[in-house]
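Colleague: Next comes model_29.csv, CSV, C-alpha atoms:
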```
chain,number,residue,atom,x,y,z
P,1163,MET,CA,63.7,134.5,122.0
P,1164,GLU,CA,62.0,134.5,118.7
P,1165,PHE,CA,59.6,137.2,119.9
P,1166,LEU,CA,62.7,139.3,120.8
P,1167,LEU,CA,64.1,138.8,117.3
P,1168,ILE,CA,60.8,139.9,115.8
P,1169,ILE,CA,60.6,143.0,117.9
P,1170,VAL,CA,64.2,144.1,117.2
P,1171,SER,CA,63.9,143.3,113.5
P,1172,ALA,CA,60.6,145.1,113.1
P,1173,ILE,CA,61.6,148.2,115.1
P,1174,PHE,CA,65.2,148.8,114.0
P,1175,VAL,CA,66.4,146.6,111.2
P,1176,ASN,CA,63.4,146.7,108.9
P,1177,ASN,CA,61.9,149.9,110.1
P,1178,ILE,CA,58.6,150.4,108.4
P,1179,VAL,CA,59.3,154.0,107.2
P,1180,LEU,CA,63.1,154.1,106.9
P,1181,ALA,CA,63.6,150.7,105.3
P,1182,GLN,CA,60.2,149.6,103.9
P,1183,PHE,CA,58.8,153.0,102.7
P,1184,LEU,CA,55.3,152.4,104.1
P,1185,GLY,CA,53.3,155.2,105.5
P,1186,VAL,CA,55.5,158.0,104.2
P,1187,CYS,CA,52.7,160.5,103.5
P,1188,PRO,CA,51.4,160.8,107.0
P,1189,PHE,CA,55.0,160.6,108.2
P,1190,MET,CA,55.7,163.8,106.3
P,1191,GLY,CA,52.3,165.3,107.0
P,1192,VAL,CA,52.1,165.3,110.8
P,1193,SER,CA,55.7,165.4,111.9
P,1194,ASN,CA,55.8,169.2,112.1
P,1195,LYS,CA,55.1,169.2,115.8
P,1196,LEU,CA,56.2,166.7,118.4
P,1197,SER,CA,52.7,166.6,120.1
P,1198,THR,CA,50.8,165.8,116.9
P,1199,ALA,CA,53.5,163.2,115.9
P,1200,THR,CA,53.0,161.5,119.2
P,1201,GLY,CA,49.2,161.4,118.9
P,1202,MET,CA,49.4,160.2,115.4
P,1203,SER,CA,51.8,157.5,116.3
P,1204,GLY,CA,49.5,156.3,119.1
P,1205,ALA,CA,46.5,156.2,116.7
P,1206,VAL,CA,48.5,154.3,114.0
P,1207,CYS,CA,49.9,151.9,116.5
P,1208,PHE,CA,46.4,151.0,117.7
P,1209,VAL,CA,44.9,150.7,114.2
P,1210,ILE,CA,47.8,148.6,112.7
P,1211,THR,CA,47.8,146.1,115.6
P,1212,LEU,CA,44.0,145.8,115.6
P,1213,ALA,CA,43.7,145.7,111.8
P,1214,THR,CA,46.4,143.0,111.5
P,1215,VAL,CA,44.7,140.7,114.0
P,1216,VAL,CA,41.3,141.2,112.4
P,1217,THR,CA,42.5,140.7,108.8
P,1218,TYR,CA,44.6,137.7,109.8
P,1219,LEU,CA,41.5,136.0,111.3
P,1220,ILE,CA,39.3,136.9,108.3
P,1221,ASN,CA,42.0,135.6,105.9
P,1222,LYS,CA,42.5,132.3,107.9
P,1223,PHE,CA,38.9,131.4,108.6
P,1224,PHE,CA,37.0,133.0,105.7
P,1225,LEU,CA,39.0,133.8,102.6
P,1226,VAL,CA,41.4,130.7,102.6
P,1227,PRO,CA,38.7,128.0,103.3
P,1228,LEU,CA,36.4,129.5,100.6
P,1229,GLY,CA,39.3,129.9,98.1
P,1230,LEU,CA,38.7,133.6,97.9
P,1231,THR,CA,42.2,134.8,98.6
P,1232,PHE,CA,42.1,137.0,95.4
P,1233,LEU,CA,39.7,139.2,97.3
P,1234,GLN,CA,42.3,140.0,100.0
P,1235,THR,CA,42.9,143.5,98.8
P,1236,ILE,CA,39.2,144.5,98.7
P,1237,ALA,CA,38.3,142.7,101.9
P,1238,PHE,CA,41.2,144.1,103.9
P,1239,ILE,CA,40.7,147.7,102.9
P,1240,LEU,CA,37.1,147.5,103.9
P,1241,VAL,CA,37.9,146.1,107.3
P,1242,ILE,CA,40.5,148.8,107.8
P,1243,ALA,CA,38.1,151.6,106.7
P,1244,ALA,CA,35.5,150.3,109.2
P,1245,LEU,CA,38.1,150.1,112.0
P,1246,VAL,CA,39.4,153.6,111.4
P,1247,GLN,CA,35.8,154.9,111.5
P,1248,MET,CA,35.4,153.2,114.8
P,1249,VAL,CA,38.6,154.7,116.3
P,1250,GLU,CA,37.5,158.1,115.1
P,1251,ILE,CA,34.2,157.8,116.9
P,1252,VAL,CA,35.8,156.6,120.1
P,1253,LEU,CA,38.5,159.3,120.0
P,1254,LYS,CA,35.9,162.1,119.4
P,1255,LYS,CA,34.1,160.9,122.5
P,1256,ILE,CA,37.0,160.4,124.9
P,1257,SER,CA,39.6,163.0,123.8
P,1258,PRO,CA,38.2,165.9,121.8
P,1259,SER,CA,41.5,167.8,122.0
P,1260,LEU,CA,43.5,164.9,120.5
P,1261,TYR,CA,40.7,164.6,117.9
P,1262,GLN,CA,41.1,168.2,117.0
P,1263,ALA,CA,44.9,168.0,116.8
P,1264,LEU,CA,44.9,165.0,114.4
P,1265,GLY,CA,42.4,166.8,112.2
P,1266,ILE,CA,42.2,165.4,108.7
P,1267,PHE,CA,44.8,162.8,109.3
P,1268,LEU,CA,42.6,160.5,111.2
P,1269,PRO,CA,40.4,159.5,108.3
P,1270,LEU,CA,43.6,159.4,106.3
P,1271,ILE,CA,44.8,156.4,108.3
P,1272,THR,CA,42.5,154.4,106.0
P,1273,THR,CA,44.8,155.4,103.1
P,1274,ASN,CA,47.9,155.0,105.2
P,1275,CYS,CA,49.7,152.2,103.3
P,1276,ALA,CA,51.4,151.1,106.4
P,1277,VAL,CA,48.2,149.6,107.7
P,1278,LEU,CA,47.3,147.7,104.6
P,1279,GLY,CA,50.9,146.9,103.9
P,1280,VAL,CA,51.5,145.2,107.2
P,1281,ALA,CA,48.1,143.3,107.0
P,1282,ILE,CA,49.0,142.0,103.5
P,1283,ASN,CA,52.6,141.2,104.4
P,1284,VAL,CA,51.6,139.2,107.4
P,1285,VAL,CA,49.3,136.8,105.4
P,1286,THR,CA,51.4,136.5,102.2
P,1287,LYS,CA,55.0,136.7,103.0
P,1288,GLU,CA,57.3,134.2,104.7
P,1289,PHE,CA,59.4,135.5,107.5
P,1290,THR,CA,62.7,134.3,108.8
P,1291,PHE,CA,63.4,135.0,112.4
P,1292,GLY,CA,66.4,132.8,113.5
P,1293,ASP,CA,65.2,129.5,112.1
P,1294,ALA,CA,63.7,128.5,108.7
P,1295,ALA,CA,61.4,130.8,106.8
P,1296,HIS,CA,57.7,130.3,107.7
P,1297,MET,CA,54.3,132.0,107.7
P,1298,LEU,CA,53.6,133.8,111.0
P,1299,ASN,CA,51.0,132.4,113.4
P,1300,LEU,CA,48.5,134.6,115.1
P,1301,GLY,CA,50.8,135.3,118.1
P,1302,GLU,CA,53.8,136.2,116.0
P,1303,ALA,CA,51.6,138.3,113.7
P,1304,THR,CA,50.3,140.3,116.6
P,1305,VAL,CA,53.8,140.9,118.0
P,1306,TYR,CA,55.1,141.7,114.5
P,1307,ALA,CA,52.3,144.3,113.9
P,1308,LEU,CA,52.8,145.9,117.4
P,1309,ALA,CA,56.6,146.1,117.0
P,1310,THR,CA,56.3,147.4,113.4
P,1311,SER,CA,53.9,150.2,114.6
P,1312,LEU,CA,56.2,151.0,117.5
P,1313,GLY,CA,59.0,151.4,114.9
P,1314,TYR,CA,56.7,153.8,113.0
P,1315,GLY,CA,56.2,155.8,116.2
P,1316,LEU,CA,59.9,155.8,117.0
P,1317,ALA,CA,60.8,157.1,113.5
P,1318,MET,CA,58.0,159.7,113.5
P,1319,ILE,CA,58.9,161.1,117.0
P,1320,LEU,CA,62.6,161.2,116.3
P,1321,PHE,CA,61.9,163.0,113.0
P,1322,ALA,CA,59.5,165.4,114.6
P,1323,GLY,CA,62.1,166.4,117.1
P,1324,ILE,CA,64.6,167.0,114.4
P,1325,ARG,CA,62.1,168.9,112.3
P,1326,GLU,CA,61.2,171.3,115.2
P,1327,GLN,CA,64.9,172.2,115.3
P,1328,LEU,CA,65.0,172.5,111.5
P,1329,SER,CA,62.2,175.0,111.4
P,1330,ARG,CA,64.3,177.4,113.5
P,1331,SER,CA,67.4,177.1,111.4
P,1332,ASN,CA,68.3,179.0,108.3
P,1333,VAL,CA,68.0,176.7,105.2
P,1334,PRO,CA,68.5,177.9,101.6
P,1335,GLU,CA,65.3,179.0,99.9
P,1336,ALA,CA,65.0,176.1,97.5
P,1337,PHE,CA,65.5,173.5,100.3
P,1338,LYS,CA,62.8,175.0,102.5
P,1339,GLY,CA,59.9,172.7,103.6
P,1340,LEU,CA,59.8,169.2,102.2
P,1341,PRO,CA,63.1,168.9,100.3
P,1342,ILE,CA,65.2,169.4,103.4
P,1343,ALA,CA,62.8,167.1,105.3
P,1344,PHE,CA,63.4,164.3,102.7
P,1345,ILE,CA,67.1,164.7,102.9
P,1346,THR,CA,67.0,164.5,106.7
P,1347,VAL,CA,65.0,161.3,106.5
P,1348,GLY,CA,67.6,160.0,104.0
P,1349,ILE,CA,70.3,160.6,106.6
P,1350,MET,CA,68.2,159.0,109.3
P,1351,ALA,CA,67.7,156.0,107.0
P,1352,LEU,CA,71.4,155.8,106.5
P,1353,ALA,CA,71.8,155.7,110.3
P,1354,PHE,CA,69.2,152.9,110.6
P,1355,LEU,CA,71.1,151.0,107.9
P,1356,GLY,CA,73.7,150.5,110.6
P,1357,PHE,CA,71.3,148.2,112.5
P,1358,SER,CA,71.2,145.8,109.5
P,1359,GLY,CA,73.8,143.4,110.9
P,1360,ILE,CA,72.2,142.5,114.2
P,1361,VAL,CA,69.4,140.2,113.2
O,45,MET,CA,40.8,174.0,81.3
O,46,SER,CA,41.5,172.9,77.7
O,47,LYS,CA,41.7,169.2,76.8
O,48,LEU,CA,45.4,169.6,76.1
O,49,GLY,CA,45.9,171.4,79.4
O,50,LEU,CA,44.4,168.4,81.2
O,51,ILE,CA,46.9,166.1,79.7
O,52,THR,CA,50.0,168.2,80.2
O,53,LYS,CA,49.3,169.6,83.7
O,54,GLY,CA,50.6,166.4,85.4
O,55,LEU,CA,54.1,167.2,84.0
O,56,LEU,CA,54.8,170.4,85.8
O,57,LYS,CA,51.9,172.5,87.2
O,58,GLU,CA,50.3,169.6,89.1
O,59,ASN,CA,53.1,167.1,89.1
O,60,PRO,CA,51.9,164.5,91.6
O,61,THR,CA,55.3,163.9,93.2
O,62,PHE,CA,57.0,167.4,93.3
O,63,VAL,CA,54.0,169.7,93.6
O,64,LEU,CA,51.1,167.7,95.1
O,65,VAL,CA,53.5,165.4,97.0
O,66,LEU,CA,51.2,162.4,96.9
O,67,GLY,CA,51.9,158.7,96.6
O,68,MET,CA,55.3,158.9,98.2
O,69,CYS,CA,55.5,155.2,99.2
O,70,PRO,CA,55.6,153.6,95.7
O,71,THR,CA,57.7,156.6,94.5
O,72,LEU,CA,60.4,155.8,97.1
O,73,ALA,CA,60.1,152.0,97.2
O,74,THR,CA,59.9,151.0,93.5
O,75,THR,CA,62.4,153.4,91.9
O,76,THR,CA,65.5,151.2,92.5
O,77,SER,CA,66.0,151.2,88.7
O,78,ALA,CA,64.6,153.1,85.8
O,79,MET,CA,62.6,150.1,84.5
O,80,ASN,CA,61.0,149.4,87.9
O,81,GLY,CA,59.9,153.1,88.2
O,82,LEU,CA,58.4,153.0,84.7
O,83,GLU,CA,56.5,149.8,85.4
O,84,MET,CA,55.1,151.1,88.7
O,85,GLY,CA,54.1,154.3,87.0
O,86,LEU,CA,52.2,152.4,84.2
O,87,ALA,CA,50.5,150.2,86.7
O,88,THR,CA,49.3,153.2,88.7
O,89,MET,CA,48.2,154.9,85.5
O,90,PHE,CA,46.0,151.9,84.5
O,91,VAL,CA,44.1,152.1,87.8
O,92,LEU,CA,44.0,155.9,87.8
O,93,ILE,CA,42.4,156.1,84.3
O,94,LEU,CA,39.8,153.4,84.8
O,95,SER,CA,38.8,154.5,88.3
O,96,ASN,CA,38.5,158.1,87.2
O,97,ILE,CA,36.2,157.0,84.4
O,98,VAL,CA,33.9,154.8,86.6
O,99,ILE,CA,33.8,157.3,89.4
O,100,SER,CA,32.8,160.2,87.2
O,101,LEU,CA,30.0,158.0,85.9
O,102,ILE,CA,28.7,156.9,89.3
O,103,ALA,CA,29.4,160.1,91.3
O,104,PRO,CA,25.9,161.7,90.7
O,105,VAL,CA,24.1,158.7,92.2
O,106,VAL,CA,26.4,158.0,95.1
O,107,PRO,CA,25.0,159.4,98.4
O,108,ASP,CA,27.4,161.9,99.9
O,109,LYS,CA,27.8,160.2,103.2
O,110,VAL,CA,29.3,157.0,101.8
O,111,HIS,CA,31.2,158.3,98.8
O,112,ILE,CA,34.7,157.6,100.2
O,113,PRO,CA,34.0,153.9,100.9
O,114,VAL,CA,32.3,153.5,97.5
O,115,TYR,CA,35.3,155.1,95.7
O,116,ILE,CA,37.7,152.9,97.6
O,117,VAL,CA,35.8,149.8,96.5
O,118,VAL,CA,35.8,150.9,92.9
O,119,ILE,CA,39.6,151.5,93.1
O,120,ALA,CA,40.2,148.2,94.9
O,121,THR,CA,38.3,146.4,92.2
O,122,PHE,CA,40.5,147.7,89.5
O,123,VAL,CA,43.6,147.0,91.5
O,124,THR,CA,42.5,143.4,91.9
O,125,LEU,CA,41.9,143.2,88.2
O,126,LEU,CA,45.4,144.6,87.6
O,127,GLN,CA,46.9,142.0,90.1
O,128,LEU,CA,45.2,139.1,88.2
O,129,LEU,CA,46.3,140.5,84.8
O,130,MET,CA,49.9,141.0,85.9
O,131,GLN,CA,50.0,137.5,87.6
O,132,ALA,CA,48.9,136.1,84.3
O,133,TYR,CA,50.9,138.0,81.7
O,134,THR,CA,53.9,139.6,83.5
O,135,PRO,CA,54.5,137.4,86.5
O,136,ASP,CA,58.2,138.6,86.9
O,137,VAL,CA,57.2,142.3,87.0
O,138,TYR,CA,54.5,141.4,89.6
O,139,GLU,CA,57.1,139.6,91.6
O,140,THR,CA,59.5,142.6,91.5
O,141,LEU,CA,57.0,145.3,92.4
O,142,GLY,CA,55.4,142.9,95.0
O,143,LEU,CA,53.5,144.5,97.8
O,144,PHE,CA,53.3,147.9,96.0
O,145,ILE,CA,50.8,146.6,93.5
O,146,PRO,CA,48.0,145.9,96.0
O,147,LEU,CA,49.0,149.1,97.8
O,148,ILE,CA,47.9,151.1,94.8
O,149,VAL,CA,44.5,151.0,96.5
O,150,VAL,CA,45.8,153.3,99.2
O,151,ASN,CA,47.8,155.5,96.8
O,152,CYS,CA,46.6,159.0,97.7
O,153,ILE,CA,47.0,160.1,94.1
O,154,VAL,CA,44.2,157.7,92.9
O,155,LEU,CA,41.7,158.6,95.7
O,156,GLY,CA,42.8,162.2,95.5
O,157,ARG,CA,41.9,162.5,91.8
O,158,ALA,CA,38.6,160.7,92.3
O,159,GLU,CA,37.6,163.1,95.1
O,160,ALA,CA,39.0,166.3,93.7
O,161,PHE,CA,38.4,165.8,90.0
O,162,ALA,CA,36.5,162.8,88.7
O,163,SER,CA,33.5,163.3,91.0
O,164,LYS,CA,32.9,166.8,89.7
O,165,ASN,CA,33.7,166.5,86.0
O,166,SER,CA,32.6,164.7,82.8
O,167,VAL,CA,33.7,161.3,81.8
O,168,VAL,CA,36.0,162.5,79.0
O,169,ASP,CA,37.7,165.1,81.1
O,170,SER,CA,38.2,162.6,84.0
O,171,ALA,CA,39.8,160.1,81.6
O,172,LEU,CA,42.1,162.9,80.3
O,173,ASP,CA,42.9,163.9,83.9
O,174,GLY,CA,43.8,160.3,84.6
O,175,ILE,CA,46.1,160.2,81.6
O,176,GLY,CA,47.7,163.5,82.5
O,177,ILE,CA,48.4,162.8,86.1
O,178,GLY,CA,49.3,159.2,85.2
O,179,VAL,CA,51.9,160.3,82.6
O,180,GLY,CA,53.3,162.9,85.1
O,181,PHE,CA,53.6,160.2,87.8
O,182,THR,CA,55.2,157.7,85.4
O,183,LEU,CA,57.7,160.2,84.1
O,184,THR,CA,58.7,161.3,87.5
O,185,LEU,CA,59.2,157.7,88.7
O,186,THR,CA,61.3,156.9,85.7
O,187,VAL,CA,63.5,160.0,86.2
O,188,ILE,CA,64.0,159.1,89.9
O,189,GLY,CA,64.7,155.5,88.8
O,190,ILE,CA,67.3,156.7,86.3
O,191,VAL,CA,69.1,158.8,88.8
O,192,ARG,CA,69.2,156.0,91.4
O,193,GLU,CA,70.2,153.4,88.8
O,194,VAL,CA,73.0,155.6,87.5
O,195,LEU,CA,74.4,156.3,90.9
O,196,GLY,CA,73.7,153.0,92.5
O,197,SER,CA,74.6,150.5,89.8
O,198,GLY,CA,76.2,152.5,87.0
O,199,SER,CA,73.6,151.6,84.4
O,200,VAL,CA,70.5,153.0,82.7
O,201,PHE,CA,67.5,150.7,81.9
O,202,GLY,CA,69.9,147.8,82.5
O,203,TRP,CA,72.5,149.0,80.1
O,204,LYS,CA,75.7,149.1,82.1
O,205,PHE,CA,78.2,151.9,81.3
O,206,ILE,CA,80.4,151.8,84.4
O,207,ALA,CA,82.1,148.5,85.3
O,208,GLY,CA,81.8,147.2,88.8
O,209,ASP,CA,79.4,148.2,91.6
O,210,GLY,CA,78.0,151.7,92.0
O,211,MET,CA,77.2,153.4,95.2
O,212,LEU,CA,75.0,150.8,96.7
O,213,ALA,CA,73.4,153.1,99.2
O,214,PHE,CA,71.5,154.8,96.3
O,215,VAL,CA,69.7,151.5,95.5
O,216,MET,CA,68.9,151.0,99.2
O,217,ALA,CA,66.5,153.0,101.3
O,218,PRO,CA,68.6,156.1,102.2
O,219,GLY,CA,69.3,156.8,98.5
O,220,ALA,CA,65.6,157.0,97.8
O,221,PHE,CA,65.0,159.7,100.3
O,222,LEU,CA,68.1,161.6,99.3
O,223,VAL,CA,67.5,161.5,95.6
O,224,LEU,CA,63.9,162.6,96.0
O,225,GLY,CA,64.9,165.4,98.3
O,226,TYR,CA,67.6,166.8,95.9
O,227,LEU,CA,65.4,166.4,92.8
O,228,MET,CA,62.7,168.4,94.7
O,229,VAL,CA,65.2,171.1,95.3
O,230,LEU,CA,66.1,171.1,91.6
O,231,PHE,CA,62.4,171.2,90.6
O,232,ASN,CA,61.7,174.1,92.9
O,233,LYS,CA,64.7,176.0,91.6
O,234,LEU,CA,63.7,175.4,87.9
O,235,ALA,CA,60.0,175.9,88.5
O,236,LYS,CA,60.5,179.3,90.2
O,237,ARG,CA,62.3,180.7,87.1
```
If you took the structure in this file and wrote it as structure tokens, what would it be?
Modeller:
Amino acid sequence: MEFLLIIVSAIFVNNIVLAQFLGVCPFMGVSNKLSTATGMSGAVCFVITLATVVTYLINKFFLVPLGLTFLQTIAFILVIAALVQMVEIVLKKISPSLYQALGIFLPLITTNCAVLGVAINVVTKEFTFGDAAHMLNLGEATVYALATSLGYGLAMILFAGIREQLSRSNVPEAFKGLPIAFITVGIMALAFLGFSGIV
Amino acid sequence: MSKLGLITKGLLKENPTFVLVLGMCPTLATTTSAMNGLEMGLATMFVLILSNIVISLIAPVVPDKVHIPVYIVVIATFVTLLQLLMQAYTPDVYETLGLFIPLIVVNCIVLGRAEAFASKNSVVDSALDGIGIGVGFTLTLTVIGIVREVLGSGSVFGWKFIAGDGMLAFVMAPGAFLVLGYLMVLFNKLAKR
């Protein structure tokens, strides 16, 4: 039951882009086409989940026992950078077409604040799912990371669909490109606000 | 580019938010009020100036292959410094801005300036570039903060001029996207003239 709450809350209620404002740059950058949006969502999903598990373990068994929690920011960003490099190498080998499509955005996952944001949130913030506020354990953290990144994918793919339509419609000159995109996301966020009552 | 040009380009020509469209996450998340926007801008400027200075100093000796990780470590060091300073001297501001202080590490503006400017220019120019872009970022965040605060809670910098609640949606997530979108339209319209 608690896992279900985590999943619903992370995907819909506290959607990472539309409610928490994490990972907005790549969200705007690669949502022009549905196919790249899907690929990017997959890559981000994989990196967020993996990075959260690894940083959680590093924090619990290395930084906390040694009293080095102030090094969290530096340690986490290094782990994430190494992981992204690894994903890049693997993707280049097994799917060159996807690698080509994601282009410069793959190395940019390192500077996608969604990845670092979720990793830091999980080890520093107390979460309330149903019962009292508590720190997440490893299982909950993994589910939370996976659900959050699925929420990222959902928002990105929905938005890419809208944006493909948008590119064919006649918008006023000053609104062309990013301004109308931001306004569209605003309306999407307004729609997602409707979920806020359920958890 | 002249020294004055370096400082003023962040305002219009290379405005980090409206022209370069970088660092969107803190721009959207922390501008719930004018004060929060201003504080976030200043925090980012602190890291931007110091990292620009250090990176322009070490750039000639950093091997090309590992330059990004090296830059990120430099930036992360200054962010950690900022975190410790803020926890010590302005704990309530640190509490309000929360997650977005450590996230300055992955703010594309900081790494972007390091890569595009500081690694190729002198120390003085890099410091000025940091100031220019930092001021541009701070001002933009403050303006967005003012607009959202006026619409959302009927006040400016905490000074209330409309009794009662404002349009709450503008303080929440949707308002951030909408205000940024419309301000961008306004900026495009004025900049084209």
Colleague: Gly142 in chain O: which residues within 12 Å, counting all atoms listed in the file, same-chain residues fewer than 5 positions away excluded, as a tab-separated table (two decimals) with C-alpha atoms, in the coordinates of the input?
Modeller:
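Below you can see out-v6.tsv, which holds the result:
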```tsv
chain	number	residue	atom	x	y	z
P	1279	GLY	CA	50.90	146.90	103.90
P	1282	ILE	CA	49.00	142.00	103.50
P	1283	ASN	CA	52.60	141.20	104.40
P	1286	THR	CA	51.40	136.50	102.20
P	1287	LYS	CA	55.00	136.70	103.00
O	70	PRO	CA	55.60	153.60	95.70
O	73	ALA	CA	60.10	152.00	97.20
O	74	THR	CA	59.90	151.00	93.50
O	80	ASN	CA	61.00	149.40	87.90
O	83	GLU	CA	56.50	149.80	85.40
O	84	MET	CA	55.10	151.10	88.70
O	127	GLN	CA	46.90	142.00	90.10
O	130	MET	CA	49.90	141.00	85.90
O	131	GLN	CA	50.00	137.50	87.60
O	135	PRO	CA	54.50	137.40	86.50
O	136	ASP	CA	58.20	138.60	86.90
O	137	VAL	CA	57.20	142.30	87.00
O	147	LEU	CA	49.00	149.10	97.80
O	148	ILE	CA	47.90	151.10	94.80
```
Colleague: Write out as a list in words which residues come within 12 Å of Phe161 in chain O when counting all atoms listed in the file, dropping same-chain ones fewer than 3 positions away.
Modeller: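 Surrounding residues, per the criterion: Leu50, Leu92, Ile93, Ser95, Asn96, Ile97, Ile99, Ser100, Ala103, Ile153, Val154, Leu155, Gly156, Arg157, Ala158, Lys164, Asn165, Ser166, Val167, Val168, Asp169, Ser170, Ala171, Leu172, Asp173, Gly174 and Ile177 of chain O.
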Colleague: Listing only residues of chain P within 6 Å of chain O, what is the closest atom pair and its distance in Å (to one decimal) for each, using all atoms listed in the file, sorted by chain and residue number ascending, as JSON lines?
Modeller:
```
{"residue": "P:Ala1181", "atom": "CA", "partner": "O:Ala217", "partner_atom": "CA", "distance": 5.4}
{"residue": "P:Phe1183", "atom": "CA", "partner": "O:Cys69", "partner_atom": "CA", "distance": 5.3}
{"residue": "P:Leu1184", "atom": "CA", "partner": "O:Cys69", "partner_atom": "CA", "distance": 5.6}
{"residue": "P:Val1186", "atom": "CA", "partner": "O:Cys69", "partner_atom": "CA", "distance": 5.7}
{"residue": "P:Ile1236", "atom": "CA", "partner": "O:Ala120", "partner_atom": "CA", "distance": 5.4}
{"residue": "P:Thr1273", "atom": "CA", "partner": "O:Val150", "partner_atom": "CA", "distance": 4.5}
{"residue": "P:Cys1275", "atom": "CA", "partner": "O:Val150", "partner_atom": "CA", "distance": 5.8}
{"residue": "P:Ala1336", "atom": "CA", "partner": "O:Val229", "partner_atom": "CA", "distance": 5.5}
{"residue": "P:Phe1337", "atom": "CA", "partner": "O:Val229", "partner_atom": "CA", "distance": 5.6}
{"residue": "P:Pro1341", "atom": "CA", "partner": "O:Gly225", "partner_atom": "CA", "distance": 4.4}
{"residue": "P:Phe1344", "atom": "CA", "partner": "O:Gly225", "partner_atom": "CA", "distance": 4.8}
{"residue": "P:Ile1345", "atom": "CA", "partner": "O:Leu222", "partner_atom": "CA", "distance": 4.9}
{"residue": "P:Gly1348", "atom": "CA", "partner": "O:Pro218", "partner_atom": "CA", "distance": 4.4}
{"residue": "P:Ala1351", "atom": "CA", "partner": "O:Pro218", "partner_atom": "CA", "distance": 4.9}
{"residue": "P:Leu1352", "atom": "CA", "partner": "O:Pro218", "partner_atom": "CA", "distance": 5.1}
```
Colleague: Using all atoms listed in the file, which residue out of P:Ile1210, P:Leu1233, P:Met1190, P:Ala1172 lies closest to Thr1272 in chain P?
Modeller: P:Ile1210
Colleague: Please determine, counting all atoms listed in the file, which residue among O:Gly208, O:Lys109, O:Leu185, O:Val215 has the shortest atom-to-atom distance to Thr61 in chain O.
Modeller: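 Result for the nearest residue to Thr61 in chain O: O:Leu185.
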Colleague: Would you kindly return, as a PyMOL selection string, each protein, DNA or RNA residue with an atom no farther than 12 Å from any atom of range 1251-1255 of chain P, considering all atoms listed in the file and excluding same-chain residues fewer than 3 positions away?
Modeller: chain P and resi 1201-1202+1204-1205+1208+1244-1248+1258-1265+1268-1269
Colleague: Give me, please, the distance in Å between CA of Val1175 in chain P and CA of Leu1312 in chain P, quoted to one decimal.
Modeller: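 The value is 12.8 Å.
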Colleague: Write out as a PyMOL selection string the residues lying within 7 Å of Arg192 in chain O, counting all atoms listed in the file and excluding same-chain residues fewer than 6 positions away.
Modeller: chain O and resi 76-77+214-215
Colleague: Given the selection you just returned, output its residues as a file containing C-alpha atoms, formatted as a PDB file, in the frame of the given file.
Modeller:
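Written out: part14.pdb:
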```
ATOM      1  CA  THR O  76      65.500 151.200  92.500  1.00  0.00           C
ATOM      2  CA  SER O  77      66.000 151.200  88.700  1.00  0.00           C
ATOM      3  CA  PHE O 214      71.500 154.800  96.300  1.00  0.00           C
ATOM      4  CA  VAL O 215      69.700 151.500  95.500  1.00  0.00           C
TER       5      VAL O 215
END
```
Colleague: Using CA of Ala235 in chain O and CA of Met79 in chain O as the two end points, give the distance in Å to one decimal.
Modeller: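 It comes out at 26.2 Å.
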Colleague: Between P:Ala1276, P:Ala1199, P:Val1170, P:Leu1320, which residue has the minimum interatomic distance to Gly1185 in chain P, considering all atoms listed in the file?
Modeller: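 For Gly1185 in chain P, the nearest of the given residues is P:Ala1276.
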Colleague: Expressed in Å to a single decimal, how great is the separation between CA of Val1305 in chain P and CA of Leu1166 in chain P?
Modeller: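 Spanning CA of Val1305 in chain P to CA of Leu1166 in chain P is a straight-line distance of 9.5 Å.
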Colleague: So, counting only C-alpha atoms, which residue among O:Leu129, O:Val194, O:Leu183, O:Ile206 is closest to Leu55 in chain O?
Modeller: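 That would be O:Leu183, the residue with the smallest distance to Leu55 in chain O.
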Colleague: Select, from O:Ala78, O:Ile175, O:Ile51, O:Val63, the residue with the minimum atom-to-atom distance to Phe90 in chain O, counting all atoms listed in the file.
Modeller: O:Ile175
